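Shown here: work_0.tsv, TSV, C-alpha atoms and all ligand atoms.
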```tsv
chain	number	residue	atom	x	y	z
A	4	MET	CA	-231.47	63.50	-185.40
A	5	SER	CA	-234.39	64.25	-183.11
A	6	ARG	CA	-238.00	63.28	-183.65
A	7	THR	CA	-240.91	64.45	-181.55
A	8	LEU	CA	-242.64	61.12	-182.22
A	9	PRO	CA	-241.02	57.70	-182.67
A	10	ASN	CA	-241.15	55.36	-185.65
A	11	ILE	CA	-242.28	51.78	-185.09
A	12	ILE	CA	-241.84	48.81	-187.42
A	13	ILE	CA	-244.50	46.12	-187.19
A	14	THR	CA	-243.13	43.11	-189.00
A	15	GLY	CA	-243.64	39.35	-189.24
A	16	THR	CA	-244.41	36.64	-191.75
A	17	PRO	CA	-247.43	37.44	-193.97
A	18	GLY	CA	-250.61	36.56	-192.06
A	19	THR	CA	-249.22	37.18	-188.55
A	20	GLY	CA	-251.39	40.28	-188.08
A	21	LYS	CA	-249.24	43.28	-189.05
A	22	THR	CA	-251.97	45.24	-190.76
A	23	CYS	CA	-254.59	44.57	-188.04
A	24	HIS	CA	-252.14	45.63	-185.33
A	25	SER	CA	-251.02	48.70	-187.29
A	26	GLU	CA	-254.58	49.90	-187.88
A	27	LEU	CA	-255.56	49.47	-184.25
A	28	LEU	CA	-252.39	51.15	-183.03
A	29	ALA	CA	-252.89	54.08	-185.43
A	30	GLU	CA	-256.45	54.49	-184.21
A	31	ARG	CA	-255.36	54.53	-180.56
A	32	THR	CA	-252.32	56.78	-180.91
A	33	GLY	CA	-252.65	58.99	-183.97
A	34	LEU	CA	-249.40	57.55	-185.34
A	35	LYS	CA	-249.65	57.17	-189.11
A	36	HIS	CA	-250.01	53.69	-190.58
A	37	LEU	CA	-247.69	53.31	-193.56
A	38	SER	CA	-248.50	50.14	-195.45
A	39	ILE	CA	-245.31	49.50	-197.40
A	40	ASN	CA	-247.19	47.26	-199.84
A	41	ASP	CA	-249.38	50.22	-200.78
A	42	VAL	CA	-246.37	52.53	-201.16
A	43	VAL	CA	-244.66	50.01	-203.43
A	44	LYS	CA	-247.75	49.79	-205.59
A	45	GLU	CA	-248.75	53.45	-205.63
A	46	LYS	CA	-245.29	54.92	-206.09
A	47	GLU	CA	-244.19	52.11	-208.38
A	48	CYS	CA	-241.15	51.14	-206.31
A	49	HIS	CA	-240.86	47.82	-208.11
A	50	GLU	CA	-239.38	46.10	-211.14
A	51	GLY	CA	-242.56	44.30	-212.11
A	52	TRP	CA	-244.86	41.55	-210.92
A	53	ASP	CA	-243.73	38.04	-210.00
A	54	GLU	CA	-246.41	35.68	-211.33
A	55	GLU	CA	-245.31	32.63	-209.37
A	56	TYR	CA	-245.26	34.47	-206.05
A	57	GLN	CA	-248.09	36.83	-206.89
A	58	SER	CA	-246.17	39.78	-205.51
A	59	TRP	CA	-244.17	42.83	-206.61
A	60	ILE	CA	-240.41	42.62	-207.12
A	61	VAL	CA	-239.48	45.53	-204.86
A	62	ASP	CA	-236.87	48.15	-205.73
A	63	GLU	CA	-235.64	48.89	-202.21
A	64	ASP	CA	-233.65	52.02	-203.08
A	65	LYS	CA	-236.63	53.55	-204.78
A	66	LEU	CA	-238.84	52.60	-201.84
A	67	LEU	CA	-236.51	54.24	-199.30
A	68	ASP	CA	-236.29	57.39	-201.43
A	69	ALA	CA	-240.07	57.51	-201.64
A	70	ILE	CA	-240.64	57.48	-197.86
A	71	GLU	CA	-237.47	59.04	-196.43
A	72	ASP	CA	-238.60	62.66	-196.06
A	73	GLU	CA	-241.84	61.72	-194.31
A	74	VAL	CA	-240.53	58.94	-192.10
A	75	LYS	CA	-237.54	60.92	-190.85
A	76	GLN	CA	-239.98	63.35	-189.25
A	77	GLY	CA	-241.28	60.55	-186.99
A	78	GLY	CA	-244.73	59.33	-186.05
A	79	TYR	CA	-244.98	56.38	-188.45
A	80	ILE	CA	-245.94	52.74	-188.13
A	81	LEU	CA	-244.13	50.83	-190.87
A	82	ASP	CA	-246.12	47.72	-191.80
A	83	TRP	CA	-244.14	45.24	-193.86
A	84	HIS	CA	-242.93	41.62	-194.05
A	85	ALA	CA	-239.29	42.72	-194.12
A	86	CYS	CA	-237.47	45.15	-191.87
A	87	ASP	CA	-233.73	45.19	-192.35
A	88	LEU	CA	-233.75	47.67	-195.23
A	89	PHE	CA	-234.91	50.57	-193.04
A	90	PRO	CA	-231.89	52.51	-191.69
A	91	LYS	CA	-231.28	52.03	-187.97
A	92	SER	CA	-231.37	55.78	-187.42
A	93	TRP	CA	-235.03	55.94	-188.51
A	94	ILE	CA	-236.33	53.30	-186.12
A	95	ASP	CA	-237.20	53.37	-182.39
A	96	LEU	CA	-239.08	50.07	-181.90
A	97	VAL	CA	-239.36	46.84	-183.92
A	98	VAL	CA	-242.32	44.58	-183.15
A	99	VAL	CA	-242.08	41.05	-184.58
A	100	LEU	CA	-245.44	39.24	-184.59
A	101	ARG	CA	-245.48	35.46	-184.23
A	102	VAL	CA	-248.04	32.71	-184.72
A	103	ASP	CA	-248.10	28.93	-184.59
A	104	THR	CA	-248.00	26.91	-187.81
A	105	ALA	CA	-251.64	25.77	-187.80
A	106	THR	CA	-252.92	29.33	-187.37
A	107	LEU	CA	-250.67	30.63	-190.12
A	108	PHE	CA	-251.70	27.81	-192.44
A	109	ASP	CA	-255.38	28.67	-191.94
A	110	ARG	CA	-254.87	32.41	-192.45
A	111	LEU	CA	-252.82	32.02	-195.63
A	112	THR	CA	-255.13	29.36	-197.05
A	113	GLU	CA	-258.01	31.75	-196.48
A	114	ARG	CA	-256.08	34.30	-198.52
A	115	LYS	CA	-255.67	31.76	-201.31
A	116	TYR	CA	-251.89	31.99	-201.33
A	117	PRO	CA	-250.23	30.00	-204.14
A	118	GLU	CA	-248.80	26.69	-202.84
A	119	VAL	CA	-245.14	27.66	-203.20
A	120	LYS	CA	-245.67	30.93	-201.34
A	121	LEU	CA	-247.73	29.26	-198.63
A	122	GLN	CA	-245.05	26.69	-197.87
A	123	GLU	CA	-242.25	29.24	-198.00
A	124	ASN	CA	-243.99	31.50	-195.51
A	125	ILE	CA	-244.76	28.67	-193.13
A	126	ASP	CA	-241.11	27.58	-193.27
A	127	ALA	CA	-240.01	31.16	-192.65
A	128	GLU	CA	-242.22	31.39	-189.55
A	129	ILE	CA	-240.91	28.08	-188.17
A	130	MET	CA	-237.32	29.18	-188.81
A	131	GLU	CA	-237.92	32.57	-187.16
A	132	VAL	CA	-236.56	34.36	-190.23
A	133	LEU	CA	-238.10	37.75	-189.44
A	134	LEU	CA	-237.07	37.64	-185.79
A	135	GLN	CA	-233.46	36.90	-186.75
A	136	GLU	CA	-233.52	39.59	-189.43
A	137	ALA	CA	-234.79	42.14	-186.90
A	138	LYS	CA	-232.20	41.16	-184.28
A	139	GLU	CA	-229.37	41.38	-186.78
A	140	ALA	CA	-230.44	44.73	-188.21
A	141	TYR	CA	-231.30	46.58	-184.96
A	142	ASP	CA	-230.14	46.74	-181.36
A	143	GLU	CA	-231.67	43.80	-179.52
A	144	GLU	CA	-233.21	46.01	-176.85
A	145	ILE	CA	-235.54	47.67	-179.37
A	146	VAL	CA	-236.76	44.35	-180.85
A	147	VAL	CA	-239.88	42.86	-179.24
A	148	GLU	CA	-241.43	39.52	-180.15
A	149	LEU	CA	-245.20	39.30	-179.57
A	150	GLN	CA	-247.65	36.47	-180.11
A	151	SER	CA	-250.64	37.23	-182.35
A	152	VAL	CA	-252.96	34.24	-182.35
A	153	THR	CA	-256.05	35.62	-180.56
A	154	ALA	CA	-257.94	38.90	-180.48
A	155	ASP	CA	-257.08	39.25	-176.78
A	156	GLU	CA	-253.41	38.99	-177.62
A	157	MET	CA	-253.80	41.70	-180.22
A	158	GLU	CA	-255.46	43.95	-177.65
A	159	SER	CA	-252.75	43.42	-175.08
A	160	ASN	CA	-250.02	43.82	-177.69
A	161	VAL	CA	-251.43	47.17	-178.73
A	162	ASP	CA	-251.79	48.20	-175.06
A	163	ARG	CA	-248.13	47.39	-174.53
A	164	ILE	CA	-247.06	49.46	-177.52
A	165	VAL	CA	-249.24	52.39	-176.37
A	166	GLN	CA	-247.51	52.24	-172.96
A	167	TRP	CA	-244.13	52.11	-174.66
A	168	LEU	CA	-245.09	55.19	-176.70
A	169	GLU	CA	-246.09	57.15	-173.58
A	170	GLN	CA	-242.77	56.32	-171.98
A	171	TRP	CA	-240.89	57.30	-175.15
A	172	LYS	CA	-242.65	60.67	-175.14
A	173	LYS	CA	-241.67	61.28	-171.50
A	174	ASN	CA	-238.08	60.31	-172.15
A	175	ASN	CA	-237.85	62.50	-175.23
A	176	ALA	CA	-239.77	65.55	-173.98
A	177	GLN	CA	-237.93	68.80	-174.63
B	1	LIG	P1	-250.51	40.64	-192.16
B	1	LIG	O1	-250.73	42.11	-192.38
B	1	LIG	O2	-249.37	40.35	-191.23
B	1	LIG	O3	-250.39	39.85	-193.41
B	1	LIG	P2	-253.26	40.72	-191.25
B	1	LIG	O4	-253.25	41.81	-190.24
B	1	LIG	O5	-253.79	41.05	-192.60
B	1	LIG	O6	-251.79	40.08	-191.39
B	1	LIG	O7	-254.04	39.50	-190.62
B	1	LIG	C1	-254.27	38.31	-191.37
B	1	LIG	C2	-255.55	37.65	-190.91
B	1	LIG	O8	-255.38	37.13	-189.60
B	1	LIG	C3	-256.73	38.59	-190.83
B	1	LIG	O9	-257.87	37.90	-191.25
B	1	LIG	C4	-256.82	38.95	-189.37
B	1	LIG	O10	-258.13	39.25	-188.99
B	1	LIG	C5	-256.30	37.70	-188.69
B	1	LIG	N1	-255.57	38.02	-187.45
B	1	LIG	C6	-254.37	38.61	-187.38
B	1	LIG	N2	-253.96	38.73	-186.11
B	1	LIG	C7	-254.93	38.20	-185.34
B	1	LIG	C8	-255.09	38.02	-183.93
B	1	LIG	N3	-254.16	38.42	-183.04
B	1	LIG	N4	-256.23	37.44	-183.51
B	1	LIG	C9	-257.18	37.05	-184.38
B	1	LIG	N5	-257.08	37.18	-185.72
B	1	LIG	C10	-255.97	37.75	-186.21
B	2	MN	MN	-250.71	43.20	-194.24
```

Can you give me the file's structure in the form of structure tokens?
Amino acid sequence: MSRTLPNIIITGTPGTGKTCHSELLAERTGLKHLSINDVVKEKECHEGWDEEYQSWIVDEDKLLDAIEDEVKQGGYILDWHACDLFPKSWIDLVVVLRVDTATLFDRLTERKYPEVKLQENIDAEIMEVLLQEAKEAYDEEIVVELQSVTADEMESNVDRIVQWLEQWKKNNAQ
């Protein structure tokens, strides 16, 4: 299947900076930012609300059905805290954002995360859960781990992805 523009996943533990990176990257490139949280909510791809975790219980099949036609055309930034459900054939680059524990603690506390969810996310970041998930689901050469603690890092991360995109376009020019 050929796309004229690539699809990029920006993933990481909640609070690592996925949405900030996605918005900046969309602004710079014209790629479309697809916030999977919003899709789940708006297209009701869920089986209800989990009170303890304060989050939707996602119906992954319904979610994939809801975005398949659009995403297969290319040009999307998929912003979500999971990645291995998206078929390999849809995806050209997987960016995994990382932060240190203290930074993540501050960001999630600011968001008033419930205690159980806060601890679980901090553990997940320490255990590199998202990085492992990405490496298992996709070819290692398309998985990139980037640090997202400072604004300068965000700038240089987005610069790197823009450069990658330019190269992808050259390689895939018809
Ligand atoms: P996510 O979408 O992964 O949950 P957000 O993009 O919403 O994370 O970012 C969470 C918070 O952390 C926001 O307040 C954002 O401004 C801040 N933040 C994220 N990445 C950075 C960074 N690289 N430098 C400074 N602040 C950041
Ligand atoms: Mn987000």

In Å to one decimal, how far is atom CA of Arg110 of chain A from atom CA of Ile70 of chain A?
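Result for atom CA of Ile70 of chain A versus atom CA of Arg110 of chain A: 29.3 Å, one decimal.
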
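Across the structure, atom C3 of ligand LIG 1 (chain B) and atom CA of Gly33 of chain A are spaced 21.9 Å apart.
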
Between atom CA of Gly78 of chain A and atom CA of Trp93 of chain A, distance in Å (one decimal):
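Atom-to-atom, atom CA of Gly78 of chain A to atom CA of Trp93 of chain A, that is 10.6 Å.
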
Counting all atoms listed in the file, which residues of chain A sit at most 8 Å from some atom of ligand MN 2 (chain B), and what is each one's closest atom pair with its distance in Å to one decimal, listed by chain and rising residue number, as CSV?
```
residue,atom,partner,partner_atom,distance
A:Pro17,CA,B:MN2,MN,6.6
A:Gly18,CA,B:MN2,MN,7.0
A:Gly20,CA,B:MN2,MN,6.9
A:Lys21,CA,B:MN2,MN,5.4
A:Thr22,CA,B:MN2,MN,4.2
A:Cys23,CA,B:MN2,MN,7.4
A:Ser38,CA,B:MN2,MN,7.4
A:Asn40,CA,B:MN2,MN,7.8
A:Asp82,CA,B:MN2,MN,6.9
A:Trp83,CA,B:MN2,MN,6.9
A:His84,CA,B:MN2,MN,7.9
```

Residues near segment 101-106 of chain A, cut-off 9 Å, all atoms listed in the file, skip fewer than 6 positions along chain, as a PyMOL selection string
chain A and resi 15-16+18-20+125-126+128-129+131+134+148-152

Using only C-alpha atoms and all ligand atoms, which of the listed residues (A:Lys172, A:Asp68, A:Trp167, A:Thr14) sits closest to ligand LIG 1 (chain B)?
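Distance minimum relative to ligand LIG 1 (chain B) lands on A:Thr14.
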
Selection as a list in words: residues within 10 Å of (-245.1, 67.5, -188.8), counting only C-alpha atoms
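Here is the list of nearby residues: Arg6, Thr7, Leu8, Glu73, Gln76, Gly77 and Gly78 of chain A.
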
Limit the output to C-alpha atoms and give segment 76-169 of chain A as a compact mmCIF listing (two decimals), in the first residue's frame.
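Saved result, out.txt, follows:
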```
# COMPACT_ATOMS: atom_id res chain seq x y z
CA GLN A 76 -4.46 7.52 3.30
CA GLY A 77 -1.45 8.80 5.28
CA GLY A 78 -0.52 12.15 6.75
CA TYR A 79 -1.58 11.51 10.36
CA ILE A 80 0.02 11.98 13.75
CA LEU A 81 -1.51 9.42 16.11
CA ASP A 82 -1.37 10.74 19.69
CA TRP A 83 -2.03 8.06 22.28
CA HIS A 84 -0.64 6.32 25.39
CA ALA A 85 -0.70 2.94 23.66
CA CYS A 86 0.61 1.95 20.26
CA ASP A 87 0.60 -1.77 19.62
CA LEU A 88 -3.01 -1.94 18.43
CA PHE A 89 -2.30 0.02 15.24
CA PRO A 90 -1.47 -2.37 12.36
CA LYS A 91 2.18 -2.33 11.31
CA SER A 92 1.20 -1.60 7.73
CA TRP A 93 -0.28 1.77 8.74
CA ILE A 94 2.78 3.11 10.52
CA ASP A 95 6.05 4.66 9.29
CA LEU A 96 7.57 6.10 12.49
CA VAL A 97 6.97 5.53 16.22
CA VAL A 98 8.20 8.21 18.60
CA VAL A 99 8.32 7.20 22.27
CA LEU A 100 8.62 10.20 24.61
CA ARG A 101 10.44 9.76 27.92
CA VAL A 102 10.76 11.76 31.13
CA ASP A 103 12.36 11.30 34.53
CA THR A 104 10.23 10.30 37.51
CA ALA A 105 10.25 13.67 39.29
CA THR A 106 9.10 15.51 36.17
CA LEU A 107 6.34 13.00 35.53
CA PHE A 108 5.21 13.15 39.14
CA ASP A 109 4.90 16.95 38.94
CA ARG A 110 3.03 16.89 35.63
CA LEU A 111 0.52 14.25 36.72
CA THR A 112 0.00 15.84 40.13
CA GLU A 113 -0.76 19.09 38.34
CA ARG A 114 -3.39 17.19 36.37
CA LYS A 115 -4.89 15.90 39.62
CA TYR A 116 -4.56 12.27 38.63
CA PRO A 117 -6.14 9.83 41.12
CA GLU A 118 -3.48 8.21 43.36
CA VAL A 119 -3.76 4.72 41.85
CA LYS A 120 -3.41 6.06 38.32
CA LEU A 121 -0.52 8.34 39.26
CA GLN A 122 1.49 5.50 40.78
CA GLU A 123 0.71 3.13 37.93
CA ASN A 124 1.87 5.62 35.33
CA ILE A 125 5.08 6.40 37.19
CA ASP A 126 5.81 2.68 37.48
CA ALA A 127 5.09 2.24 33.77
CA GLU A 128 7.57 5.00 32.89
CA ILE A 129 10.28 3.51 35.12
CA MET A 130 9.69 0.06 33.62
CA GLU A 131 9.79 1.45 30.06
CA VAL A 132 6.45 -0.19 29.27
CA LEU A 133 5.66 1.95 26.23
CA LEU A 134 9.15 1.61 24.78
CA GLN A 135 8.99 -2.18 25.06
CA GLU A 136 5.48 -2.23 23.60
CA ALA A 137 6.63 -0.16 20.63
CA LYS A 138 9.72 -2.32 20.03
CA GLU A 139 7.68 -5.51 20.16
CA ALA A 140 4.94 -4.26 17.86
CA TYR A 141 7.07 -2.54 15.17
CA ASP A 142 10.43 -2.97 13.47
CA GLU A 143 13.09 -1.56 15.79
CA GLU A 144 14.47 0.76 13.12
CA ILE A 145 11.24 2.79 13.02
CA VAL A 146 11.05 3.21 16.82
CA VAL A 147 12.73 6.34 18.23
CA GLU A 148 13.04 7.19 21.91
CA LEU A 149 13.21 10.93 22.68
CA GLN A 150 13.54 12.79 25.95
CA SER A 151 10.84 15.38 26.69
CA VAL A 152 11.74 17.20 29.88
CA THR A 153 12.47 20.74 28.62
CA ALA A 154 11.02 23.07 26.00
CA ASP A 155 14.37 22.99 24.16
CA GLU A 156 14.14 19.22 23.95
CA MET A 157 10.65 19.50 22.51
CA GLU A 158 11.91 21.93 19.87
CA SER A 159 14.79 19.70 18.85
CA ASN A 160 12.58 16.61 18.88
CA VAL A 161 10.14 18.27 16.51
CA ASP A 162 13.04 19.46 14.31
CA ARG A 163 14.28 15.89 14.10
CA ILE A 164 10.86 14.59 13.09
CA VAL A 165 10.50 17.35 10.46
CA GLN A 166 13.87 16.28 8.99
CA TRP A 167 12.78 12.67 9.03
CA LEU A 168 9.59 13.66 7.19
CA GLU A 169 11.54 15.51 4.48
```
